[in-house]
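upload.pdb follows (PDB, C-alpha atoms, pLDDT in the B column):
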ATOM      1  CA  MET A 151       0.000   0.000   0.000  1.00 76.00           C
ATOM      2  CA  LYS A 152       1.335   3.416  -0.967  1.00 88.00           C
ATOM      3  CA  ILE A 153       2.050   5.648   2.023  1.00 90.00           C
ATOM      4  CA  GLU A 154      -0.081   8.782   2.201  1.00 94.00           C
ATOM      5  CA  LYS A 155       0.673  11.628   4.612  1.00 96.00           C
ATOM      6  CA  LEU A 156      -2.531  12.905   6.203  1.00 96.00           C
ATOM      7  CA  GLU A 157      -3.183  15.501   8.912  1.00 97.00           C
ATOM      8  CA  GLN A 158      -0.641  16.781  11.421  1.00 98.00           C
ATOM      9  CA  ILE A 159      -1.443  15.243  14.809  1.00 96.00           C
ATOM     10  CA  TYR A 160       1.380  16.677  16.935  1.00 95.00           C
ATOM     11  CA  GLU A 161       4.111  19.310  16.863  1.00 95.00           C
ATOM     12  CA  GLY A 162       6.945  19.383  19.377  1.00 91.00           C
ATOM     13  CA  LYS A 163      10.087  21.447  19.755  1.00 91.00           C
ATOM     14  CA  ALA A 164      12.012  19.528  17.101  1.00 94.00           C
ATOM     15  CA  LYS A 165       9.535  17.379  15.190  1.00 97.00           C
ATOM     16  CA  LYS A 166       6.076  17.173  13.650  1.00 98.00           C
ATOM     17  CA  ILE A 167       4.034  13.987  13.496  1.00 98.00           C
ATOM     18  CA  TYR A 168       1.499  13.173  10.778  1.00 98.00           C
ATOM     19  CA  SER A 169      -1.053  10.400  10.527  1.00 98.00           C
ATOM     20  CA  THR A 170      -1.038   8.165   7.451  1.00 97.00           C
ATOM     21  CA  ASN A 171      -3.493   5.990   5.575  1.00 97.00           C
ATOM     22  CA  ASN A 172      -2.331   3.133   7.829  1.00 96.00           C
ATOM     23  CA  GLU A 173      -3.748   3.619  11.327  1.00 95.00           C
ATOM     24  CA  ASN A 174      -0.720   1.891  12.879  1.00 96.00           C
ATOM     25  CA  GLU A 175       1.892   4.096  11.185  1.00 98.00           C
ATOM     26  CA  VAL A 176       2.887   7.752  11.406  1.00 98.00           C
ATOM     27  CA  ILE A 177       5.320  10.039   9.595  1.00 98.00           C
ATOM     28  CA  ILE A 178       7.799  11.971  11.736  1.00 98.00           C
ATOM     29  CA  TYR A 179       9.185  15.175  10.223  1.00 98.00           C
ATOM     30  CA  TYR A 180      12.417  16.618  11.667  1.00 98.00           C
ATOM     31  CA  LYS A 181      12.573  20.420  11.940  1.00 97.00           C
ATOM     32  CA  ASP A 182      15.566  22.778  12.045  1.00 96.00           C
ATOM     33  CA  ASP A 183      14.254  24.482  15.198  1.00 93.00           C
ATOM     34  CA  ALA A 184      16.521  24.360  18.235  1.00 91.00           C
ATOM     35  CA  THR A 185      15.634  25.018  21.867  1.00 90.00           C
ATOM     36  CA  ALA A 186      17.509  24.922  25.168  1.00 86.00           C
ATOM     37  CA  PHE A 187      16.963  25.575  28.867  1.00 81.00           C
ATOM     38  CA  ASN A 188      13.339  24.377  28.830  1.00 76.00           C
ATOM     39  CA  ASN A 189      12.480  26.350  25.702  1.00 74.00           C
ATOM     40  CA  ILE A 190      13.900  29.650  27.017  1.00 80.00           C
ATOM     41  CA  LYS A 191      16.571  29.849  24.312  1.00 87.00           C
ATOM     42  CA  LYS A 192      15.292  29.372  20.765  1.00 90.00           C
ATOM     43  CA  GLY A 193      16.884  29.397  17.345  1.00 92.00           C
ATOM     44  CA  GLN A 194      17.534  27.340  14.256  1.00 91.00           C
ATOM     45  CA  ILE A 195      20.414  25.141  13.187  1.00 92.00           C
ATOM     46  CA  LEU A 196      20.886  24.905   9.437  1.00 91.00           C
ATOM     47  CA  ASN A 197      19.927  21.445   8.118  1.00 95.00           C
ATOM     48  CA  LYS A 198      19.514  20.079  11.657  1.00 97.00           C
ATOM     49  CA  GLY A 199      16.382  18.171  10.686  1.00 97.00           C
ATOM     50  CA  ILE A 200      18.101  16.425   7.798  1.00 98.00           C
ATOM     51  CA  LEU A 201      21.158  15.574   9.897  1.00 98.00           C
ATOM     52  CA  ASN A 202      19.210  14.328  12.912  1.00 98.00           C
ATOM     53  CA  ALA A 203      16.858  12.204  10.806  1.00 98.00           C
ATOM     54  CA  ARG A 204      19.830  10.456   9.197  1.00 97.00           C
ATOM     55  CA  ILE A 205      21.784  10.105  12.457  1.00 98.00           C
ATOM     56  CA  THR A 206      18.759   8.683  14.276  1.00 98.00           C
ATOM     57  CA  THR A 207      18.109   6.207  11.469  1.00 97.00           C
ATOM     58  CA  ILE A 208      21.694   4.919  11.534  1.00 97.00           C
ATOM     59  CA  ILE A 209      21.643   4.565  15.326  1.00 98.00           C
ATOM     60  CA  PHE A 210      18.200   2.941  15.486  1.00 98.00           C
ATOM     61  CA  GLU A 211      19.079   0.472  12.737  1.00 97.00           C
ATOM     62  CA  TYR A 212      22.270  -0.425  14.627  1.00 97.00           C
ATOM     63  CA  LEU A 213      20.297  -0.946  17.846  1.00 98.00           C
ATOM     64  CA  MET A 214      17.659  -3.019  16.045  1.00 98.00           C
ATOM     65  CA  LYS A 215      20.366  -5.281  14.612  1.00 97.00           C
ATOM     66  CA  ASN A 216      21.480  -5.822  18.197  1.00 97.00           C
ATOM     67  CA  GLY A 217      18.097  -6.816  19.600  1.00 98.00           C
ATOM     68  CA  ILE A 218      16.552  -3.476  20.629  1.00 98.00           C
ATOM     69  CA  LYS A 219      12.953  -2.953  19.507  1.00 98.00           C
ATOM     70  CA  THR A 220      12.217   0.540  18.144  1.00 98.00           C
ATOM     71  CA  HIS A 221       9.341   2.320  16.432  1.00 98.00           C
ATOM     72  CA  LEU A 222      11.375   2.978  13.260  1.00 98.00           C
ATOM     73  CA  ILE A 223      10.210   1.415  10.019  1.00 98.00           C
ATOM     74  CA  LYS A 224      12.237   3.340   7.418  1.00 96.00           C
ATOM     75  CA  ASN A 225      13.261   6.759   6.129  1.00 95.00           C
ATOM     76  CA  ILE A 226      10.988   8.074   3.388  1.00 95.00           C
ATOM     77  CA  SER A 227      12.748  11.398   2.702  1.00 96.00           C
ATOM     78  CA  GLN A 228      15.694  13.404   3.999  1.00 96.00           C
ATOM     79  CA  ARG A 229      13.600  14.759   6.861  1.00 97.00           C
ATOM     80  CA  GLU A 230      10.921  12.114   7.281  1.00 98.00           C
ATOM     81  CA  GLN A 231      10.720   8.705   8.891  1.00 98.00           C
ATOM     82  CA  LEU A 232       7.890   6.217   8.679  1.00 98.00           C
ATOM     83  CA  CYS A 233       7.386   4.877  12.199  1.00 98.00           C
ATOM     84  CA  GLU A 234       5.081   2.563  14.052  1.00 98.00           C
ATOM     85  CA  ARG A 235       2.412   4.499  15.941  1.00 98.00           C
ATOM     86  CA  VAL A 236       3.092   4.212  19.663  1.00 98.00           C
ATOM     87  CA  THR A 237       1.683   5.680  22.849  1.00 97.00           C
ATOM     88  CA  ILE A 238       4.570   7.567  24.424  1.00 97.00           C
ATOM     89  CA  ILE A 239       5.269   6.760  28.066  1.00 98.00           C
ATOM     90  CA  PRO A 240       5.554  10.255  29.645  1.00 98.00           C
ATOM     91  CA  LEU A 241       9.039   9.685  31.029  1.00 98.00           C
ATOM     92  CA  GLU A 242      12.398  10.923  29.801  1.00 98.00           C
ATOM     93  CA  VAL A 243      15.142   8.461  30.687  1.00 98.00           C
ATOM     94  CA  ILE A 244      18.578  10.014  31.114  1.00 98.00           C
ATOM     95  CA  VAL A 245      21.864   8.118  31.309  1.00 98.00           C
ATOM     96  CA  ARG A 246      25.042   9.838  32.496  1.00 97.00           C
ATOM     97  CA  ASN A 247      28.410   8.157  31.871  1.00 98.00           C
ATOM     98  CA  ILE A 248      30.496  11.293  32.436  1.00 97.00           C
ATOM     99  CA  LEU A 249      29.538  14.237  34.645  1.00 95.00           C
ATOM    100  CA  ALA A 250      28.624  17.320  32.619  1.00 94.00           C
ATOM    101  CA  GLY A 251      26.198  20.208  32.423  1.00 86.00           C
ATOM    102  CA  SER A 252      23.600  20.687  35.138  1.00 85.00           C
ATOM    103  CA  THR A 253      24.581  17.519  37.007  1.00 88.00           C
ATOM    104  CA  ALA A 254      28.185  18.661  37.404  1.00 88.00           C
ATOM    105  CA  LYS A 255      26.879  22.012  38.683  1.00 86.00           C
ATOM    106  CA  LEU A 256      24.418  20.321  41.049  1.00 85.00           C
ATOM    107  CA  PHE A 257      27.210  18.442  42.803  1.00 85.00           C
ATOM    108  CA  THR A 258      29.766  21.276  42.347  1.00 87.00           C
ATOM    109  CA  MET A 259      32.072  18.895  40.525  1.00 88.00           C
ATOM    110  CA  GLU A 260      34.199  19.481  37.470  1.00 88.00           C
ATOM    111  CA  GLU A 261      32.854  18.456  34.094  1.00 91.00           C
ATOM    112  CA  GLY A 262      34.511  15.407  32.624  1.00 93.00           C
ATOM    113  CA  LEU A 263      34.574  13.058  35.611  1.00 93.00           C
ATOM    114  CA  LYS A 264      34.133   9.528  34.262  1.00 94.00           C
ATOM    115  CA  LEU A 265      31.733   7.549  36.427  1.00 95.00           C
ATOM    116  CA  ASP A 266      32.476   3.985  37.522  1.00 95.00           C
ATOM    117  CA  THR A 267      28.804   3.150  37.001  1.00 96.00           C
ATOM    118  CA  PRO A 268      26.317   5.198  34.975  1.00 97.00           C
ATOM    119  CA  ILE A 269      23.703   7.381  36.644  1.00 96.00           C
ATOM    120  CA  PHE A 270      20.119   6.665  35.559  1.00 97.00           C
ATOM    121  CA  GLU A 271      17.489   9.385  35.977  1.00 97.00           C
ATOM    122  CA  ILE A 272      13.854   9.739  34.982  1.00 98.00           C
ATOM    123  CA  CYS A 273      11.945  12.961  34.386  1.00 97.00           C
ATOM    124  CA  TYR A 274       8.206  13.517  34.122  1.00 98.00           C
ATOM    125  CA  LYS A 275       7.643  14.566  30.512  1.00 95.00           C
ATOM    126  CA  LYS A 276       5.382  17.583  31.025  1.00 92.00           C
ATOM    127  CA  ASP A 277       6.338  20.926  29.492  1.00 87.00           C
ATOM    128  CA  GLU A 278       4.319  23.115  31.850  1.00 90.00           C
ATOM    129  CA  LEU A 279       6.183  21.617  34.823  1.00 92.00           C
ATOM    130  CA  LYS A 280       9.542  21.907  32.998  1.00 90.00           C
ATOM    131  CA  ASP A 281      10.030  18.120  32.953  1.00 93.00           C
ATOM    132  CA  PRO A 282      10.889  17.657  36.652  1.00 95.00           C
ATOM    133  CA  MET A 283      13.132  14.831  37.813  1.00 96.00           C
ATOM    134  CA  ILE A 284      11.178  12.169  39.694  1.00 98.00           C
ATOM    135  CA  ASN A 285      11.874   8.758  41.198  1.00 98.00           C
ATOM    136  CA  ASP A 286      10.331   5.351  40.616  1.00 98.00           C
ATOM    137  CA  SER A 287       7.793   5.799  43.417  1.00 98.00           C
ATOM    138  CA  HIS A 288       6.552   9.032  41.833  1.00 98.00           C
ATOM    139  CA  ALA A 289       6.240   7.351  38.442  1.00 98.00           C
ATOM    140  CA  ILE A 290       4.226   4.473  39.862  1.00 98.00           C
ATOM    141  CA  ALA A 291       2.044   6.640  42.132  1.00 98.00           C
ATOM    142  CA  LEU A 292       1.251   9.027  39.271  1.00 97.00           C
ATOM    143  CA  LYS A 293       0.445   5.998  37.070  1.00 97.00           C
ATOM    144  CA  LEU A 294       3.035   7.003  34.492  1.00 98.00           C
ATOM    145  CA  ALA A 295       4.391   3.441  34.468  1.00 98.00           C
ATOM    146  CA  THR A 296       4.084   0.229  36.470  1.00 98.00           C
ATOM    147  CA  ARG A 297       6.939  -1.398  38.360  1.00 98.00           C
ATOM    148  CA  GLU A 298       7.190  -4.037  35.651  1.00 98.00           C
ATOM    149  CA  GLU A 299       7.287  -1.395  32.916  1.00 98.00           C
ATOM    150  CA  LEU A 300      10.013   0.518  34.727  1.00 98.00           C
ATOM    151  CA  ASP A 301      12.040  -2.677  35.078  1.00 98.00           C
ATOM    152  CA  THR A 302      11.726  -3.228  31.309  1.00 98.00           C
ATOM    153  CA  ILE A 303      12.677   0.386  30.589  1.00 98.00           C
ATOM    154  CA  TYR A 304      15.768   0.237  32.805  1.00 98.00           C
ATOM    155  CA  ARG A 305      16.825  -3.121  31.386  1.00 98.00           C
ATOM    156  CA  GLU A 306      16.526  -1.872  27.792  1.00 98.00           C
ATOM    157  CA  THR A 307      18.207   1.427  28.674  1.00 98.00           C
ATOM    158  CA  SER A 308      21.191  -0.402  30.145  1.00 98.00           C
ATOM    159  CA  LYS A 309      21.548  -2.451  26.952  1.00 98.00           C
ATOM    160  CA  ILE A 310      21.208   0.683  24.815  1.00 98.00           C
ATOM    161  CA  ASN A 311      23.883   2.472  26.835  1.00 98.00           C
ATOM    162  CA  GLU A 312      26.416  -0.312  26.325  1.00 98.00           C
ATOM    163  CA  LEU A 313      25.635  -0.557  22.613  1.00 98.00           C
ATOM    164  CA  LEU A 314      25.908   3.198  22.116  1.00 98.00           C
ATOM    165  CA  LYS A 315      29.187   3.408  24.018  1.00 98.00           C
ATOM    166  CA  ASN A 316      30.584   0.735  21.705  1.00 97.00           C
ATOM    167  CA  LEU A 317      29.209   2.463  18.606  1.00 97.00           C
ATOM    168  CA  PHE A 318      30.520   5.931  19.448  1.00 98.00           C
ATOM    169  CA  GLY A 319      33.749   4.594  20.942  1.00 97.00           C
ATOM    170  CA  GLY A 320      34.474   2.960  17.599  1.00 96.00           C
ATOM    171  CA  ILE A 321      34.407   6.362  15.868  1.00 97.00           C
ATOM    172  CA  GLY A 322      36.441   8.302  18.408  1.00 97.00           C
ATOM    173  CA  ILE A 323      33.571   9.836  20.385  1.00 98.00           C
ATOM    174  CA  ASN A 324      32.850   9.616  24.118  1.00 98.00           C
ATOM    175  CA  LEU A 325      29.166   9.191  24.960  1.00 98.00           C
ATOM    176  CA  VAL A 326      28.886  11.593  27.891  1.00 98.00           C
ATOM    177  CA  ASP A 327      25.136  11.344  28.472  1.00 98.00           C
ATOM    178  CA  PHE A 328      21.902  10.927  26.559  1.00 98.00           C
ATOM    179  CA  LYS A 329      18.112  11.106  26.844  1.00 98.00           C
ATOM    180  CA  ILE A 330      15.705   8.564  25.397  1.00 98.00           C
ATOM    181  CA  GLU A 331      11.962   7.921  25.394  1.00 98.00           C
ATOM    182  CA  PHE A 332       9.873   4.787  25.110  1.00 98.00           C
ATOM    183  CA  GLY A 333       6.396   4.039  23.851  1.00 98.00           C
ATOM    184  CA  LYS A 334       3.906   1.190  23.740  1.00 98.00           C
ATOM    185  CA  ASP A 335       2.934  -0.337  20.425  1.00 97.00           C
ATOM    186  CA  LYS A 336      -0.558  -1.590  19.559  1.00 96.00           C
ATOM    187  CA  ASP A 337       0.148  -4.854  21.379  1.00 96.00           C
ATOM    188  CA  GLY A 338       1.398  -3.138  24.531  1.00 96.00           C
ATOM    189  CA  ASN A 339       5.074  -3.897  23.901  1.00 97.00           C
ATOM    190  CA  ILE A 340       7.556  -1.272  25.113  1.00 98.00           C
ATOM    191  CA  VAL A 341       9.779   0.007  22.294  1.00 98.00           C
ATOM    192  CA  LEU A 342      12.386   2.737  21.913  1.00 98.00           C
ATOM    193  CA  ALA A 343      10.861   5.842  20.314  1.00 98.00           C
ATOM    194  CA  ASP A 344      11.638   9.509  19.573  1.00 97.00           C
ATOM    195  CA  GLU A 345      15.256  10.062  18.449  1.00 98.00           C
ATOM    196  CA  ILE A 346      18.916   9.634  19.359  1.00 98.00           C
ATOM    197  CA  SER A 347      20.991  12.458  17.925  1.00 98.00           C
ATOM    198  CA  PRO A 348      23.346  15.295  18.923  1.00 97.00           C
ATOM    199  CA  ASP A 349      20.173  17.037  20.137  1.00 96.00           C
ATOM    200  CA  SER A 350      19.596  14.364  22.773  1.00 97.00           C
ATOM    201  CA  CYS A 351      23.179  13.288  23.568  1.00 98.00           C
ATOM    202  CA  ARG A 352      26.362  14.890  24.802  1.00 98.00           C
ATOM    203  CA  LEU A 353      29.147  13.721  22.515  1.00 98.00           C
ATOM    204  CA  TRP A 354      32.798  14.671  23.043  1.00 98.00           C
ATOM    205  CA  ASP A 355      35.711  13.919  20.759  1.00 98.00           C
ATOM    206  CA  GLU A 356      37.777  11.385  22.682  1.00 97.00           C
ATOM    207  CA  LYS A 357      41.095  13.040  21.813  1.00 96.00           C
ATOM    208  CA  THR A 358      40.253  16.717  22.225  1.00 97.00           C
ATOM    209  CA  ASP A 359      37.052  16.721  24.350  1.00 96.00           C
ATOM    210  CA  GLU A 360      35.589  19.039  21.715  1.00 97.00           C
ATOM    211  CA  LYS A 361      31.816  19.172  22.045  1.00 97.00           C
ATOM    212  CA  MET A 362      29.967  17.654  19.074  1.00 98.00           C
ATOM    213  CA  ASP A 363      26.365  18.177  20.198  1.00 97.00           C
ATOM    214  CA  LYS A 364      23.694  20.744  21.075  1.00 96.00           C
ATOM    215  CA  ASP A 365      25.892  22.208  23.811  1.00 95.00           C
ATOM    216  CA  ARG A 366      27.463  24.171  20.965  1.00 96.00           C
ATOM    217  CA  PHE A 367      24.078  25.882  20.583  1.00 96.00           C
ATOM    218  CA  ARG A 368      23.356  26.109  24.322  1.00 94.00           C
ATOM    219  CA  ARG A 369      26.719  27.705  25.091  1.00 93.00           C
ATOM    220  CA  ASP A 370      27.099  29.802  21.933  1.00 93.00           C
ATOM    221  CA  LEU A 371      30.227  27.916  20.881  1.00 95.00           C
ATOM    222  CA  GLY A 372      29.511  28.239  17.157  1.00 94.00           C
ATOM    223  CA  ASN A 373      30.014  25.671  14.366  1.00 95.00           C
ATOM    224  CA  VAL A 374      26.883  23.775  15.422  1.00 95.00           C
ATOM    225  CA  GLU A 375      25.995  22.432  11.993  1.00 96.00           C
ATOM    226  CA  GLU A 376      29.630  21.455  11.408  1.00 97.00           C
ATOM    227  CA  ALA A 377      29.652  19.400  14.622  1.00 98.00           C
ATOM    228  CA  TYR A 378      26.480  17.531  13.610  1.00 98.00           C
ATOM    229  CA  ILE A 379      27.920  16.919  10.141  1.00 98.00           C
ATOM    230  CA  GLU A 380      31.075  15.442  11.695  1.00 98.00           C
ATOM    231  CA  VAL A 381      29.036  13.077  13.877  1.00 98.00           C
ATOM    232  CA  LEU A 382      27.082  11.910  10.814  1.00 98.00           C
ATOM    233  CA  LYS A 383      30.262  11.545   8.758  1.00 97.00           C
ATOM    234  CA  ARG A 384      31.815   9.282  11.377  1.00 97.00           C
ATOM    235  CA  LEU A 385      28.646   7.223  11.810  1.00 97.00           C
ATOM    236  CA  GLU A 386      28.300   6.764   8.057  1.00 95.00           C
ATOM    237  CA  SER A 387      31.878   5.482   7.952  1.00 91.00           C
ATOM    238  CA  THR A 388      30.783   2.580  10.181  1.00 83.00           C
ATOM    239  CA  VAL A 389      27.827   1.838   7.900  1.00 69.00           C
ATOM    240  CA  LEU A 390      30.032   1.752   4.815  1.00 55.00           C
ATOM    241  CA  VAL A 391      32.650  -0.540   6.347  1.00 48.00           C
TER     242      VAL A 391
END
Could you show the structure in this file as structure tokens?
Amino acid sequence: MKIEKLEQIYEGKAKKIYSTNNENEVIIYYKDDATAFNNIKKGQILNKGILNARITTIIFEYLMKNGIKTHLIKNISQREQLCERVTIIPLEVIVRNILAGSTAKLFTMEEGLKLDTPIFEICYKKDELKDPMINDSHAIALKLATREELDTIYRETSKINELLKNLFGGIGINLVDFKIEFGKDKDGNIVLADEISPDSCRLWDEKTDEKMDKDRFRRDLGNVEEAYIEVLKRLESTVLV
């Protein structure tokens, strides 16, 4: 059946979602809009949507080959992915392998400290509350997820972290931290959703510690598009090998 894009059903900070003529599939469109600090800082990054769509596709396909279930079906244009329709679990899952950003400030510690074990955090995905950090008890009490669902999420997140560290380590990049989201498919299975890109990860060159992610936008470091292009270039080199 030929895919037909129908009405827009959602617009977020970085993406738009459209229904299709298949009730179980949606089209995700990646925008060039950039935000930081809970939407306080806004701007655009040239070609960000194209770069992030391609980067996410490469990463998701790599994870799928290694046993991680995702909502991705395929890319259908430079900025668009055909994905399985899922119900997003309203939790952002954050993994920190190296202290950086707000967490380093919170504990008054220097950025760059490599952690012996990763820190796992969850945040309540609710814009009007500025996505507050919560714990498992909050998530269960607020009926955001059950204990069993949280166990599945943490188990999959741990696998994803190890796979991503291997992937980025193979192209000379340290995976400092990242944010992911999960959803439930039509059968109630929990699958990885949203995106994994320099928008949602901190990525540092392993030789120079140069930032290769959205921190270049957050901190006005310049060369944002160039950093994203370099990440894609390195990832594509692994695909071509």
On this structure, the PyMOL selection byres ((chain A and resi 284) around 10) would catch which residues? List them as a ChimeraX atom specification, sorted by chain and number. /A:241,271-274,281-283,285-289
Using only C-alpha atoms, which protein or nucleic acid residues come within 10 Å of A:Asn171? Drop anything in the same chain fewer than 3 positions from it, and give the result as a list of chain:residue names.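 Returned residues: A:Met151, A:Lys152, A:Ile153, A:Glu154, A:Lys155, A:Leu156, A:Asn174, A:Glu175, A:Val176.
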Here's the selection I'm unsure about, the PyMOL selection byres ((chain A and resi 232-238) around 10); applied to the file above, which residues does it give, as a PyMOL selection string? chain A and resi 153+155+167-170+172-179+220-227+230-231+239-241+275+331-344
Take the residues from that selection and put them in a file with C-alpha atoms, as a JSON list (two decimals), in the frame of the given file.
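Generated file (again_38.json):
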[["chain", "number", "residue", "atom", "x", "y", "z"],
["A", 153, "ILE", "CA", 2.05, 5.65, 2.02],
["A", 155, "LYS", "CA", 0.67, 11.63, 4.61],
["A", 167, "ILE", "CA", 4.03, 13.99, 13.50],
["A", 168, "TYR", "CA", 1.50, 13.17, 10.78],
["A", 169, "SER", "CA", -1.05, 10.40, 10.53],
["A", 170, "THR", "CA", -1.04, 8.16, 7.45],
["A", 172, "ASN", "CA", -2.33, 3.13, 7.83],
["A", 173, "GLU", "CA", -3.75, 3.62, 11.33],
["A", 174, "ASN", "CA", -0.72, 1.89, 12.88],
["A", 175, "GLU", "CA", 1.89, 4.10, 11.18],
["A", 176, "VAL", "CA", 2.89, 7.75, 11.41],
["A", 177, "ILE", "CA", 5.32, 10.04, 9.60],
["A", 178, "ILE", "CA", 7.80, 11.97, 11.74],
["A", 179, "TYR", "CA", 9.18, 15.18, 10.22],
["A", 220, "THR", "CA", 12.22, 0.54, 18.14],
["A", 221, "HIS", "CA", 9.34, 2.32, 16.43],
["A", 222, "LEU", "CA", 11.38, 2.98, 13.26],
["A", 223, "ILE", "CA", 10.21, 1.42, 10.02],
["A", 224, "LYS", "CA", 12.24, 3.34, 7.42],
["A", 225, "ASN", "CA", 13.26, 6.76, 6.13],
["A", 226, "ILE", "CA", 10.99, 8.07, 3.39],
["A", 227, "SER", "CA", 12.75, 11.40, 2.70],
["A", 230, "GLU", "CA", 10.92, 12.11, 7.28],
["A", 231, "GLN", "CA", 10.72, 8.70, 8.89],
["A", 239, "ILE", "CA", 5.27, 6.76, 28.07],
["A", 240, "PRO", "CA", 5.55, 10.26, 29.64],
["A", 241, "LEU", "CA", 9.04, 9.68, 31.03],
["A", 275, "LYS", "CA", 7.64, 14.57, 30.51],
["A", 331, "GLU", "CA", 11.96, 7.92, 25.39],
["A", 332, "PHE", "CA", 9.87, 4.79, 25.11],
["A", 333, "GLY", "CA", 6.40, 4.04, 23.85],
["A", 334, "LYS", "CA", 3.91, 1.19, 23.74],
["A", 335, "ASP", "CA", 2.93, -0.34, 20.42],
["A", 336, "LYS", "CA", -0.56, -1.59, 19.56],
["A", 337, "ASP", "CA", 0.15, -4.85, 21.38],
["A", 338, "GLY", "CA", 1.40, -3.14, 24.53],
["A", 339, "ASN", "CA", 5.07, -3.90, 23.90],
["A", 340, "ILE", "CA", 7.56, -1.27, 25.11],
["A", 341, "VAL", "CA", 9.78, 0.01, 22.29],
["A", 342, "LEU", "CA", 12.39, 2.74, 21.91],
["A", 343, "ALA", "CA", 10.86, 5.84, 20.31],
["A", 344, "ASP", "CA", 11.64, 9.51, 19.57]]
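Running the PyMOL selection byres ((chain A and resi 363-371) around 10) on this file leaves Ala184, Thr185, Ala186, Phe187, Lys191, Lys192, Gly193, Gln194, Ile195, Gly251, Ser347, Pro348, Asp349, Ser350, Cys351, Arg352, Leu353, Trp354, Glu360, Lys361, Met362, Gly372, Asn373, Val374, Glu375, Glu376, Ala377, Tyr378 and Val381 of chain A selected.
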Which residue is closest to A:Leu313? Choose from A:Asp266, A:Glu211, A:Glu299, A:Glu386 and count all atoms listed in the file. A:Glu211
When distances are computed from only C-alpha atoms, which of A:Asp327, A:Asp359, A:Glu312, A:Glu306 shows the smallest separation from A:Ser252?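 That would be A:Asp327, the residue with the smallest distance to A:Ser252.
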Residue with smallest distance to A:Phe270 - pool A:Tyr212, A:Phe318, A:Phe328, A:Phe257, counting all atoms listed in the file: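 The closest residue to A:Phe270 is A:Phe328.
The two atoms in question, atom CA of A:Ile200 and atom CA of A:Val245, are spaced 25.2 Å apart.
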Which residue, A:Ile323, A:Ala203, A:Met259, A:Leu317, has the smallest gap to A:Lys165 when you use only C-alpha atoms?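 Ranking A:Ile323, A:Ala203, A:Met259, A:Leu317 by distance to A:Lys165, first place goes to A:Ala203.
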Which centre and which edge lengths, in Å to one decimal, describe the axis-aligned box that holds all listed atoms of stretch 300-314 of chain A after 6 Å is added on each side, as JSON?
{"center_x": 18.2, "center_y": 0.0, "center_z": 28.6, "size_x": 28.4, "size_y": 18.4, "size_z": 25.0}
Using atom CA of A:Glu356 and atom CA of A:Gly262 as the two end points, give the distance in Å to one decimal.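 If I compute the distance from atom CA of A:Glu356 to atom CA of A:Gly262, I get 11.2 Å.
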For atom CA of A:Glu242 and atom CA of A:Asn311, quote the distance in Å rounded to one decimal.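 Result for atom CA of A:Glu242 versus atom CA of A:Asn311: 14.6 Å, one decimal.
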Provide stretch 360-369 of chain A rebuilt to N, CA, C and O atoms, formatted as a compact mmCIF listing (two decimals), in the coordinates of the input.
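What follows is the written file out-v6.txt:
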# COMPACT_ATOMS: atom_id res chain seq x y z
N GLU A 360 36.41 18.05 22.41
CA GLU A 360 35.59 19.04 21.72
C GLU A 360 34.13 18.58 21.72
O GLU A 360 33.83 17.41 21.47
N LYS A 361 33.24 19.49 21.99
CA LYS A 361 31.82 19.17 22.04
C LYS A 361 31.26 19.04 20.63
O LYS A 361 31.48 19.91 19.78
N MET A 362 30.48 17.96 20.40
CA MET A 362 29.97 17.65 19.07
C MET A 362 28.45 17.49 19.14
O MET A 362 27.88 16.62 18.49
N ASP A 363 27.79 18.35 19.91
CA ASP A 363 26.36 18.18 20.20
C ASP A 363 25.70 19.53 20.40
O ASP A 363 26.31 20.57 20.13
N LYS A 364 24.47 19.51 20.94
CA LYS A 364 23.69 20.74 21.08
C LYS A 364 24.26 21.71 22.11
O LYS A 364 23.84 22.86 22.18
N ASP A 365 25.22 21.27 22.91
CA ASP A 365 25.89 22.21 23.81
C ASP A 365 26.55 23.35 23.03
O ASP A 365 26.74 24.44 23.56
N ARG A 366 26.88 23.09 21.78
CA ARG A 366 27.46 24.17 20.96
C ARG A 366 26.45 25.28 20.74
O ARG A 366 26.80 26.46 20.63
N PHE A 367 25.16 24.90 20.67
CA PHE A 367 24.08 25.88 20.58
C PHE A 367 23.78 26.48 21.96
O PHE A 367 23.67 27.70 22.10
N ARG A 368 23.66 25.63 22.97
CA ARG A 368 23.36 26.11 24.32
C ARG A 368 24.36 27.15 24.80
O ARG A 368 24.01 28.15 25.41
N ARG A 369 25.63 26.90 24.53
CA ARG A 369 26.72 27.70 25.09
C ARG A 369 27.32 28.69 24.09
O ARG A 369 28.37 29.27 24.35
